[in-house]
Amino acid sequence: QKEVEQNSGPLSVPEGAIASLNCTYSDRVSQSFFWYRQYSGKSPELIMSIYSNGDKEDGRFTAQLNKASQYVSLLIRDSQPSDSATYLCAEGDSGGSNYKLTFGKGTLLTVNP
Amino acid sequence: KAGVTQTPRYLIKTRGQQVTLSCSPISGHRSVSWYQQTPGQGLQFLFEYFSETQRNKGNFPGRFSGRQFSNSRSEMNVSTLELGDSALYLCASSLDPGVDEKLFFGSGTQLSVL
């Protein structure tokens, strides 16, 4: 059974710092990985996807994938208080069905002004 | 463009009852997925429908079922409710996840089983 592991946190960083969120997964053949952000009382929102080894940047967000180590990370540069949320790591189904995601339990990030 | 709409927002039921939850996807989206979210287990995949067909199902008992209508609206049903079914049930829609990876989640239905 697929598993995605995340440190539950909370992770606390000062405003302007880099927040680093990490995730490991169990299925060696997984092809797609996603980071979702969930504010308290709200629904998850996709912020990054990554399919290939290496880095993918989008604004202040960088996703990193290392398939050999089965490791995915999300870096948030210049963290803002509005980034305070739970970040969910997810992997897609091995068969390429991106609707069937296996989620980690999430890491709570707090950015302190 | 309206987002994913789930109704009702809150539900309180007692053990043994059944419940039906409704989801209206974003206009034009043909895929609807359902997830259960609990503090202990996190988000878990229930099932997915595309063009009225269930394409995949998660590891949940048969008490959990769903369907999709020709207008892409979807319902999920839970029969013989148990205390452990208390959770936030989230619906997500997509054009077709094989083509467009992005899932858009609704606000969810918070189910409490007493």
# chains A, B, ... in the order shown; residues from 1 in each chain; ligands from 1
>>> closest_atom_pairs(of="range 28-98 of chain A", to="range 1-4 of chain A", cutoff="12 Å", atoms="only C-alpha atoms", output="JSON lines")
{"residue": "A:Arg28", "atom": "CA", "partner": "A:Lys2", "partner_atom": "CA", "distance": 9.6}
{"residue": "A:Val29", "atom": "CA", "partner": "A:Lys2", "partner_atom": "CA", "distance": 10.5}
{"residue": "A:Ser30", "atom": "CA", "partner": "A:Lys2", "partner_atom": "CA", "distance": 9.4}
{"residue": "A:Phe33", "atom": "CA", "partner": "A:Val4", "partner_atom": "CA", "distance": 10.4}
{"residue": "A:Phe34", "atom": "CA", "partner": "A:Val4", "partner_atom": "CA", "distance": 11.4}
{"residue": "A:Trp35", "atom": "CA", "partner": "A:Val4", "partner_atom": "CA", "distance": 11.9}
{"residue": "A:Gln70", "atom": "CA", "partner": "A:Val4", "partner_atom": "CA", "distance": 9.9}
{"residue": "A:Tyr71", "atom": "CA", "partner": "A:Val4", "partner_atom": "CA", "distance": 9.7}
{"residue": "A:Val72", "atom": "CA", "partner": "A:Val4", "partner_atom": "CA", "distance": 10.0}
{"residue": "A:Leu88", "atom": "CA", "partner": "A:Val4", "partner_atom": "CA", "distance": 9.8}
{"residue": "A:Cys89", "atom": "CA", "partner": "A:Val4", "partner_atom": "CA", "distance": 7.4}
{"residue": "A:Ala90", "atom": "CA", "partner": "A:Val4", "partner_atom": "CA", "distance": 7.0}
{"residue": "A:Glu91", "atom": "CA", "partner": "A:Val4", "partner_atom": "CA", "distance": 7.5}
{"residue": "A:Gly92", "atom": "CA", "partner": "A:Lys2", "partner_atom": "CA", "distance": 10.0}
{"residue": "A:Asp93", "atom": "CA", "partner": "A:Lys2", "partner_atom": "CA", "distance": 9.0}
{"residue": "A:Ser94", "atom": "CA", "partner": "A:Lys2", "partner_atom": "CA", "distance": 9.6}
>>> select_by_dssp(residues="chain B", states="strand (DSSP E or B)", output="VMD selection string")
chain B and resid 5 to 7 10 to 13 19 to 24 31 to 38 42 to 50 53 to 57 64 to 68 74 to 78 87 to 94 104 to 105 109 to 113
>>> closest_atom_pairs(of="chain A", to="chain B", cutoff="12 Å", atoms="only C-alpha atoms", output="tab-separated table")
residue	atom	partner	partner_atom	distance
A:Gln1	CA	B:Asn59	CA	10.1
A:Lys2	CA	B:Gln44	CA	11.4
A:Glu3	CA	B:Gln44	CA	11.1
A:Val4	CA	B:Gly42	CA	10.7
A:Glu5	CA	B:Gly42	CA	11.1
A:Gln6	CA	B:Gly42	CA	11.2
A:Ser8	CA	B:Gly42	CA	11.0
A:Ser32	CA	B:Glu101	CA	9.4
A:Phe33	CA	B:Glu101	CA	10.2
A:Phe34	CA	B:Glu101	CA	9.4
A:Trp35	CA	B:Lys102	CA	11.0
A:Tyr36	CA	B:Leu103	CA	9.9
A:Arg37	CA	B:Phe105	CA	11.4
A:Gln38	CA	B:Phe105	CA	10.5
A:Tyr39	CA	B:Ser107	CA	11.3
A:Ser40	CA	B:Ser107	CA	11.4
A:Gly41	CA	B:Ser107	CA	8.5
A:Lys42	CA	B:Ser107	CA	6.2
A:Ser43	CA	B:Ser107	CA	5.3
A:Pro44	CA	B:Phe105	CA	6.3
A:Glu45	CA	B:Phe104	CA	7.0
A:Leu46	CA	B:Lys102	CA	6.8
A:Ile47	CA	B:Lys102	CA	9.4
A:Met48	CA	B:Lys102	CA	9.6
A:Ser49	CA	B:Glu101	CA	8.4
A:Ile50	CA	B:Glu101	CA	10.6
A:Tyr51	CA	B:Glu101	CA	11.2
A:Thr86	CA	B:Gly42	CA	11.4
A:Tyr87	CA	B:Gly42	CA	11.7
A:Leu88	CA	B:Leu43	CA	9.1
A:Cys89	CA	B:Leu43	CA	10.5
A:Ala90	CA	B:Leu43	CA	9.6
A:Glu91	CA	B:Glu101	CA	11.6
A:Gly92	CA	B:Glu101	CA	9.5
A:Asp93	CA	B:Asn56	CA	10.5
A:Gly95	CA	B:Gly98	CA	10.1
A:Gly96	CA	B:Gly98	CA	7.0
A:Ser97	CA	B:Gly98	CA	6.1
A:Asn98	CA	B:Pro97	CA	5.2
A:Tyr99	CA	B:Pro97	CA	5.6
A:Lys100	CA	B:Phe45	CA	6.3
A:Leu101	CA	B:Phe45	CA	6.7
A:Thr102	CA	B:Gln44	CA	6.9
A:Phe103	CA	B:Leu43	CA	5.9
A:Gly104	CA	B:Gly42	CA	6.9
A:Lys105	CA	B:Gly42	CA	4.8
A:Gly106	CA	B:Gly42	CA	7.7
A:Thr107	CA	B:Gly42	CA	11.1
>>> closest_residue(among="B:Gln36, B:Leu81, B:Tyr89, B:Lys13", to="Asn59 in chain B", atoms="only C-alpha atoms")
B:Gln36
>>> atom_distance(atom1="CA of Lys56 in chain A", atom2="CA of Pro25 in chain B")
29.3 Å
>>> atom_distance(atom1="CA of Ala87 in chain B", atom2="CA of Leu111 in chain B")
5.5 Å
